[in-house]
$ cat target-v1.txt   # compact mmCIF, C-alpha atoms and all ligand atoms
# COMPACT_ATOMS: atom_id res chain seq x y z
CA MET A 1 -16.13 -102.52 -8.52
CA SER A 2 -17.85 -104.76 -11.03
CA TYR A 3 -16.69 -105.27 -14.58
CA TYR A 4 -18.65 -105.46 -17.81
CA CYS A 5 -18.04 -107.47 -20.97
CA PRO A 6 -19.52 -105.71 -24.04
CA VAL A 7 -19.26 -108.90 -26.13
CA CYS A 8 -21.62 -111.04 -24.01
CA GLU A 9 -23.20 -108.03 -22.22
CA CYS A 10 -22.56 -109.57 -18.82
CA GLU A 11 -21.59 -107.98 -15.52
CA VAL A 12 -18.64 -109.97 -14.20
CA GLU A 13 -16.78 -109.94 -10.90
CA ALA A 14 -13.37 -109.98 -12.56
CA PHE A 15 -11.63 -110.76 -15.82
CA LYS A 16 -9.39 -113.81 -15.52
CA PRO A 17 -5.73 -114.15 -16.48
CA GLY A 18 -5.23 -114.74 -20.19
CA GLY A 19 -2.92 -114.56 -23.18
CA HIS A 20 0.60 -115.96 -23.50
CA SER A 21 1.84 -114.24 -20.38
CA LYS A 22 -1.31 -115.08 -18.35
CA ARG A 23 -1.61 -111.41 -17.52
CA ALA A 24 -4.32 -110.62 -14.96
CA GLY A 25 -7.63 -109.07 -16.02
CA VAL A 26 -7.83 -110.41 -19.57
CA LYS A 27 -10.37 -113.17 -20.13
CA CYS A 28 -14.14 -112.82 -19.65
CA PRO A 29 -15.34 -115.70 -17.43
CA VAL A 30 -18.62 -115.91 -19.37
CA CYS A 31 -17.73 -115.72 -23.10
CA LYS A 32 -13.91 -116.02 -22.92
CA SER A 33 -13.41 -112.71 -24.77
CA ASN A 34 -10.00 -111.10 -24.32
CA ALA A 35 -9.22 -107.39 -24.32
CA ARG A 36 -8.67 -107.36 -28.09
CA SER A 37 -12.05 -108.98 -28.75
CA ARG A 38 -13.79 -106.49 -26.47
CA LEU A 39 -12.07 -103.61 -28.29
CA ALA A 40 -13.15 -105.08 -31.62
CA TRP A 41 -16.74 -105.33 -30.39
CA LEU A 42 -16.71 -101.71 -29.24
CA PHE A 43 -15.38 -100.76 -32.67
CA PHE A 44 -18.22 -102.68 -34.40
CA SER A 45 -20.91 -101.21 -32.18
CA ARG A 46 -19.67 -97.63 -31.88
CA MET A 47 -17.82 -96.84 -35.11
CA THR A 48 -19.61 -98.88 -37.77
CA ASP A 49 -23.15 -99.73 -38.91
CA LEU A 50 -22.53 -103.48 -38.51
CA LEU A 51 -25.31 -103.90 -35.94
CA ASP A 52 -28.03 -101.88 -37.67
CA GLY A 53 -29.85 -104.99 -38.91
CA ARG A 54 -29.40 -104.34 -42.63
CA PRO A 55 -27.93 -107.21 -44.69
CA LYS A 56 -24.11 -107.26 -44.75
CA THR A 57 -21.23 -109.62 -45.34
CA MET A 58 -18.20 -110.11 -43.12
CA LEU A 59 -14.95 -112.03 -43.61
CA HIS A 60 -13.20 -112.84 -40.32
CA ILE A 61 -9.63 -114.10 -40.68
CA ALA A 62 -8.26 -116.45 -37.99
CA PRO A 63 -11.38 -115.85 -35.85
CA GLU A 64 -11.09 -115.16 -32.13
CA TYR A 65 -13.12 -117.62 -30.04
CA ALA A 66 -15.56 -115.17 -28.42
CA LEU A 67 -16.17 -113.08 -31.55
CA ALA A 68 -16.71 -116.18 -33.69
CA ARG A 69 -19.55 -117.12 -31.31
CA ARG A 70 -21.05 -113.65 -30.98
CA LEU A 71 -20.95 -112.43 -34.60
CA PRO A 72 -23.22 -115.18 -36.03
CA GLN A 73 -25.97 -113.78 -33.76
CA VAL A 74 -25.86 -110.37 -35.47
CA PRO A 75 -29.12 -110.03 -37.45
CA HIS A 76 -28.71 -110.32 -41.24
CA LEU A 77 -24.92 -110.61 -41.10
CA ASP A 78 -23.64 -113.12 -43.64
CA TYR A 79 -20.61 -114.18 -41.62
CA LEU A 80 -17.65 -116.17 -42.97
CA THR A 81 -14.62 -117.26 -40.97
CA ALA A 82 -11.41 -118.33 -42.71
CA ASP A 83 -8.04 -119.70 -41.69
CA LEU A 84 -5.05 -121.46 -43.27
CA ASP A 85 -5.91 -124.32 -40.91
CA PRO A 86 -9.34 -125.64 -42.02
CA HIS A 87 -10.06 -126.94 -38.50
CA LYS A 88 -10.03 -123.40 -37.11
CA ALA A 89 -12.64 -121.76 -39.36
CA MET A 90 -15.52 -122.32 -41.80
CA VAL A 91 -13.26 -122.25 -44.87
CA LYS A 92 -9.56 -122.80 -45.56
CA MET A 93 -8.01 -119.62 -46.94
CA ASP A 94 -4.56 -118.35 -47.85
CA ILE A 95 -5.01 -114.59 -47.51
CA THR A 96 -2.31 -113.95 -50.11
CA ALA A 97 -4.52 -115.72 -52.70
CA ILE A 98 -8.19 -115.31 -51.78
CA ALA A 99 -10.60 -117.34 -53.92
CA TYR A 100 -13.39 -114.73 -53.86
CA PRO A 101 -14.28 -112.09 -56.47
CA ASP A 102 -13.43 -108.40 -56.14
CA GLY A 103 -15.71 -106.50 -53.76
CA SER A 104 -17.14 -109.56 -51.99
CA PHE A 105 -17.27 -108.26 -48.41
CA ASP A 106 -18.71 -105.25 -46.57
CA SER A 107 -16.35 -105.80 -43.65
CA ILE A 108 -13.19 -107.73 -42.85
CA VAL A 109 -11.59 -108.46 -39.48
CA CYS A 110 -7.90 -109.35 -39.52
CA SER A 111 -6.48 -109.26 -36.02
CA HIS A 112 -2.99 -110.44 -35.09
CA VAL A 113 -2.58 -112.28 -38.38
CA LEU A 114 -0.26 -110.26 -40.64
CA GLU A 115 2.77 -110.68 -38.38
CA HIS A 116 2.53 -114.40 -39.23
CA VAL A 117 2.33 -113.91 -43.02
CA PRO A 118 5.62 -113.87 -44.99
CA ASP A 119 4.24 -111.76 -47.87
CA ASP A 120 2.09 -109.39 -45.82
CA ARG A 121 1.88 -106.75 -48.59
CA ARG A 122 0.32 -109.29 -50.93
CA ALA A 123 -2.18 -110.21 -48.19
CA MET A 124 -3.07 -106.53 -47.74
CA ARG A 125 -3.64 -106.10 -51.49
CA GLU A 126 -5.83 -109.20 -51.56
CA LEU A 127 -7.91 -107.97 -48.63
CA ALA A 128 -8.31 -104.57 -50.34
CA ARG A 129 -9.39 -106.36 -53.51
CA VAL A 130 -12.14 -108.46 -51.92
CA LEU A 131 -13.44 -105.50 -49.88
CA LYS A 132 -16.41 -103.60 -51.31
CA PRO A 133 -15.55 -99.98 -52.24
CA SER A 134 -17.77 -98.80 -49.35
CA GLY A 135 -16.45 -101.42 -46.91
CA TRP A 136 -14.01 -101.36 -43.99
CA VAL A 137 -11.31 -103.54 -42.50
CA LEU A 138 -10.36 -103.77 -38.84
CA PHE A 139 -6.66 -104.61 -38.57
CA MET A 140 -4.89 -105.23 -35.28
CA ILE A 141 -1.21 -106.01 -34.89
CA PRO A 142 1.37 -106.09 -32.13
CA MET A 143 3.40 -102.91 -32.64
CA LYS A 144 6.18 -101.73 -30.40
CA LEU A 145 8.85 -100.18 -32.63
CA GLU A 146 9.38 -97.18 -34.89
CA LYS A 147 10.56 -99.27 -37.81
CA THR A 148 9.54 -102.81 -38.79
CA VAL A 149 12.15 -105.51 -38.19
CA GLU A 150 12.04 -108.57 -40.42
CA ASP A 151 14.43 -111.10 -41.85
CA PRO A 152 12.96 -113.97 -43.92
CA SER A 153 16.12 -116.02 -43.40
CA ILE A 154 15.26 -116.41 -39.71
CA THR A 155 13.08 -119.51 -39.42
CA ASP A 156 14.20 -120.95 -36.08
CA PRO A 157 11.26 -120.61 -33.64
CA ALA A 158 13.51 -119.63 -30.73
CA GLU A 159 15.19 -116.92 -32.80
CA ARG A 160 11.81 -115.67 -34.04
CA ASP A 161 10.59 -115.56 -30.45
CA ARG A 162 13.65 -113.58 -29.40
CA LEU A 163 13.59 -111.13 -32.32
CA PHE A 164 9.90 -110.90 -33.23
CA GLY A 165 8.19 -111.67 -29.93
CA HIS A 166 6.63 -115.06 -30.79
CA PRO A 167 7.91 -118.36 -32.27
CA GLU A 168 5.52 -118.04 -35.24
CA HIS A 169 5.95 -114.33 -36.00
CA VAL A 170 7.94 -113.50 -39.12
CA ARG A 171 8.49 -109.83 -38.20
CA ARG A 172 7.99 -107.20 -35.53
CA TYR A 173 5.98 -104.26 -36.85
CA GLY A 174 6.80 -100.62 -36.39
CA ARG A 175 4.95 -97.42 -37.23
CA ASP A 176 5.76 -97.87 -40.93
CA PHE A 177 2.98 -100.53 -40.95
CA VAL A 178 0.64 -97.68 -41.92
CA GLY A 179 2.72 -97.07 -45.07
CA ARG A 180 2.37 -100.71 -46.10
CA LEU A 181 -1.42 -100.46 -45.79
CA THR A 182 -1.54 -97.18 -47.73
CA GLU A 183 0.57 -98.64 -50.56
CA SER A 184 -1.80 -101.63 -50.65
CA GLY A 185 -4.87 -99.48 -51.35
CA PHE A 186 -6.16 -98.48 -47.94
CA ALA A 187 -6.97 -95.18 -46.28
CA VAL A 188 -5.87 -95.73 -42.70
CA ARG A 189 -6.93 -94.36 -39.35
CA GLN A 190 -5.15 -95.64 -36.26
CA LEU A 191 -7.47 -95.84 -33.26
CA ALA A 192 -6.70 -95.30 -29.60
CA VAL A 193 -8.73 -96.65 -26.70
CA ALA A 194 -10.06 -93.12 -26.23
CA ASP A 195 -11.72 -93.33 -29.68
CA LEU A 196 -13.78 -96.30 -28.49
CA ALA A 197 -14.39 -95.84 -24.78
CA THR A 198 -14.11 -93.39 -21.89
CA VAL A 199 -11.39 -93.91 -19.28
CA GLU A 200 -14.00 -95.35 -16.88
CA GLU A 201 -15.40 -97.69 -19.52
CA ALA A 202 -11.92 -98.85 -20.50
CA GLN A 203 -11.30 -99.88 -16.92
CA ARG A 204 -14.72 -101.43 -16.40
CA MET A 205 -14.53 -103.37 -19.69
CA GLY A 206 -10.98 -104.60 -19.10
CA LEU A 207 -9.63 -103.17 -22.32
CA GLY A 208 -6.06 -103.85 -21.28
CA GLN A 209 -5.07 -100.23 -21.20
CA GLY A 210 -1.63 -99.44 -19.84
CA ALA A 211 -0.82 -96.50 -17.59
CA ASP A 212 0.20 -94.48 -20.66
CA GLY A 213 -3.20 -95.08 -22.32
CA GLY A 214 -1.57 -97.54 -24.70
CA LEU A 215 -2.68 -101.09 -25.37
CA PHE A 216 0.41 -103.08 -24.42
CA GLY A 217 1.62 -102.90 -28.01
CA ASN A 218 -1.75 -103.79 -29.59
CA ALA A 219 -2.30 -101.33 -32.44
CA VAL A 220 -5.79 -100.91 -33.96
CA PHE A 221 -6.43 -99.64 -37.50
CA HIS A 222 -9.70 -98.72 -39.20
CA CYS A 223 -9.15 -98.99 -42.96
CA THR A 224 -11.28 -98.11 -45.96
CA ARG A 225 -10.41 -98.26 -49.66
CA HIS A 226 -8.90 -95.16 -51.19
ZN ZN A 301 -18.01 -111.82 -22.11

$ encode --input "target-v1.txt" --output "structure tokens" --more "lines below"
Ligand SMILES: [Zn+2]
Amino acid sequence: MSYYCPVCECEVEAFKPGGHSKRAGVKCPVCKSNARSRLAWLFFSRMTDLLDGRPKTMLHIAPEYALARRLPQVPHLDYLTADLDPHKAMVKMDITAIAYPDGSFDSIVCSHVLEHVPDDRRAMRELARVLKPSGWVLFMIPMKLEKTVEDPSITDPAERDRLFGHPEHVRRYGRDFVGRLTESGFAVRQLAVADLATVEEAQRMGLGQGADGGLFGNAVFHCTRH
């Protein structure tokens, strides 16, 4: 069986090991996309009008390598990447205090960022503020619990790794994440792989789907302003 990467539109023999755990079948050998980036691309192409060629703006927080190389090729997309670390993006940005006016962006991508941000509710409100009323945000987070676990007094990287799943995570999200988004001004729809691809496509595109149809704890949310 051959595999297909929707980000670079290449047929590939296999996806290579990737991520922290070097799990098999993750990284595209051509564009280095991982499963999350391929899911994001399917979301852009199948659930939004991002690729229709009309002028739009996008803010991409803590940009993933493959997407940050693919998105600038989208016709008439005014694309801005931002990160707390100015070496990792076009502009330095603290997403709890965004130096852009209300309604600046048609689309925002914020994937595996909020679990690193101490005041995540303030970040959500800021992202809602700079989103155009007709715009959308793609949020992705690691989510494995019913209820969010967080404790700001825990700063030791080893303890954070043990409790939150990564030395730099400040919490482990649960299903109540949706409530935080709603309170921050978003209408939320959680997406499953089945919303973006058929079972055959999910396998062929290496979307990282588990036997239960889940995404190994990667939760995907399509948000608009309410
Ligand atoms: Zn690729």

$ residues_around --input "target-v1.txt" --residues "region 220-222 of chain A" --least-positions-apart "4" --cutoff "7 Å" --atoms "only C-alpha atoms" --output "short mmCIF file (atom, residue, chain, number, x, y, z; two decimals) with C-alpha atoms, in the frame of the given file"
data_model
loop_
_atom_site.label_atom_id
_atom_site.label_comp_id
_atom_site.auth_asym_id
_atom_site.auth_seq_id
_atom_site.Cartn_x
_atom_site.Cartn_y
_atom_site.Cartn_z
CA TRP A 136 -14.01 -101.36 -43.99
CA VAL A 137 -11.31 -103.54 -42.50
CA LEU A 138 -10.36 -103.77 -38.84
CA PHE A 139 -6.66 -104.61 -38.57
CA MET A 140 -4.89 -105.23 -35.28
CA ILE A 141 -1.21 -106.01 -34.89
CA VAL A 188 -5.87 -95.73 -42.70
CA ARG A 189 -6.93 -94.36 -39.35
CA GLN A 190 -5.15 -95.64 -36.26
CA LEU A 191 -7.47 -95.84 -33.26
#

$ closest_atom_pairs --input "target-v1.txt" --of "chain A" --to "ligand ZN 301 (chain A)" --cutoff "12 Å" --atoms "all atoms listed in the file" --output "JSON lines"
{"residue": "A:Tyr3", "atom": "CA", "partner": "A:ZN301", "partner_atom": "ZN", "distance": 10.1}
{"residue": "A:Tyr4", "atom": "CA", "partner": "A:ZN301", "partner_atom": "ZN", "distance": 7.7}
{"residue": "A:Cys5", "atom": "CA", "partner": "A:ZN301", "partner_atom": "ZN", "distance": 4.5}
{"residue": "A:Pro6", "atom": "CA", "partner": "A:ZN301", "partner_atom": "ZN", "distance": 6.6}
{"residue": "A:Val7", "atom": "CA", "partner": "A:ZN301", "partner_atom": "ZN", "distance": 5.1}
{"residue": "A:Cys8", "atom": "CA", "partner": "A:ZN301", "partner_atom": "ZN", "distance": 4.2}
{"residue": "A:Glu9", "atom": "CA", "partner": "A:ZN301", "partner_atom": "ZN", "distance": 6.4}
{"residue": "A:Cys10", "atom": "CA", "partner": "A:ZN301", "partner_atom": "ZN", "distance": 6.0}
{"residue": "A:Glu11", "atom": "CA", "partner": "A:ZN301", "partner_atom": "ZN", "distance": 8.4}
{"residue": "A:Val12", "atom": "CA", "partner": "A:ZN301", "partner_atom": "ZN", "distance": 8.1}
{"residue": "A:Glu13", "atom": "CA", "partner": "A:ZN301", "partner_atom": "ZN", "distance": 11.4}
{"residue": "A:Ala14", "atom": "CA", "partner": "A:ZN301", "partner_atom": "ZN", "distance": 10.8}
{"residue": "A:Phe15", "atom": "CA", "partner": "A:ZN301", "partner_atom": "ZN", "distance": 9.0}
{"residue": "A:Lys16", "atom": "CA", "partner": "A:ZN301", "partner_atom": "ZN", "distance": 11.0}
{"residue": "A:Val26", "atom": "CA", "partner": "A:ZN301", "partner_atom": "ZN", "distance": 10.6}
{"residue": "A:Lys27", "atom": "CA", "partner": "A:ZN301", "partner_atom": "ZN", "distance": 8.0}
{"residue": "A:Cys28", "atom": "CA", "partner": "A:ZN301", "partner_atom": "ZN", "distance": 4.7}
{"residue": "A:Pro29", "atom": "CA", "partner": "A:ZN301", "partner_atom": "ZN", "distance": 6.6}
{"residue": "A:Val30", "atom": "CA", "partner": "A:ZN301", "partner_atom": "ZN", "distance": 5.0}
{"residue": "A:Cys31", "atom": "CA", "partner": "A:ZN301", "partner_atom": "ZN", "distance": 4.0}
{"residue": "A:Lys32", "atom": "CA", "partner": "A:ZN301", "partner_atom": "ZN", "distance": 5.9}
{"residue": "A:Ser33", "atom": "CA", "partner": "A:ZN301", "partner_atom": "ZN", "distance": 5.4}
{"residue": "A:Asn34", "atom": "CA", "partner": "A:ZN301", "partner_atom": "ZN", "distance": 8.3}
{"residue": "A:Ala35", "atom": "CA", "partner": "A:ZN301", "partner_atom": "ZN", "distance": 10.1}
{"residue": "A:Arg36", "atom": "CA", "partner": "A:ZN301", "partner_atom": "ZN", "distance": 12.0}
{"residue": "A:Ser37", "atom": "CA", "partner": "A:ZN301", "partner_atom": "ZN", "distance": 9.4}
{"residue": "A:Arg38", "atom": "CA", "partner": "A:ZN301", "partner_atom": "ZN", "distance": 8.1}
{"residue": "A:Leu39", "atom": "CA", "partner": "A:ZN301", "partner_atom": "ZN", "distance": 11.9}
{"residue": "A:Trp41", "atom": "CA", "partner": "A:ZN301", "partner_atom": "ZN", "distance": 10.6}
{"residue": "A:Tyr65", "atom": "CA", "partner": "A:ZN301", "partner_atom": "ZN", "distance": 11.0}
{"residue": "A:Ala66", "atom": "CA", "partner": "A:ZN301", "partner_atom": "ZN", "distance": 7.6}
{"residue": "A:Leu67", "atom": "CA", "partner": "A:ZN301", "partner_atom": "ZN", "distance": 9.7}
{"residue": "A:Arg69", "atom": "CA", "partner": "A:ZN301", "partner_atom": "ZN", "distance": 10.7}
{"residue": "A:Arg70", "atom": "CA", "partner": "A:ZN301", "partner_atom": "ZN", "distance": 9.6}
{"residue": "A:Met205", "atom": "CA", "partner": "A:ZN301", "partner_atom": "ZN", "distance": 9.5}
{"residue": "A:Gly206", "atom": "CA", "partner": "A:ZN301", "partner_atom": "ZN", "distance": 10.5}

$ closest_residue --input "target-v1.txt" --among "A:Ala202, A:Val74, A:Leu131, A:Cys223" --to "Asp52 (chain A)" --atoms "all atoms listed in the file"
A:Val74

$ atom_distance --input "target-v1.txt" --atom1 "CA of Ser134 (chain A)" --atom2 "CA of His116 (chain A)"
27.5 Å

$ atom_distance --input "target-v1.txt" --atom1 "CA of Ser184 (chain A)" --atom2 "CA of Leu80 (chain A)"
22.8 Å
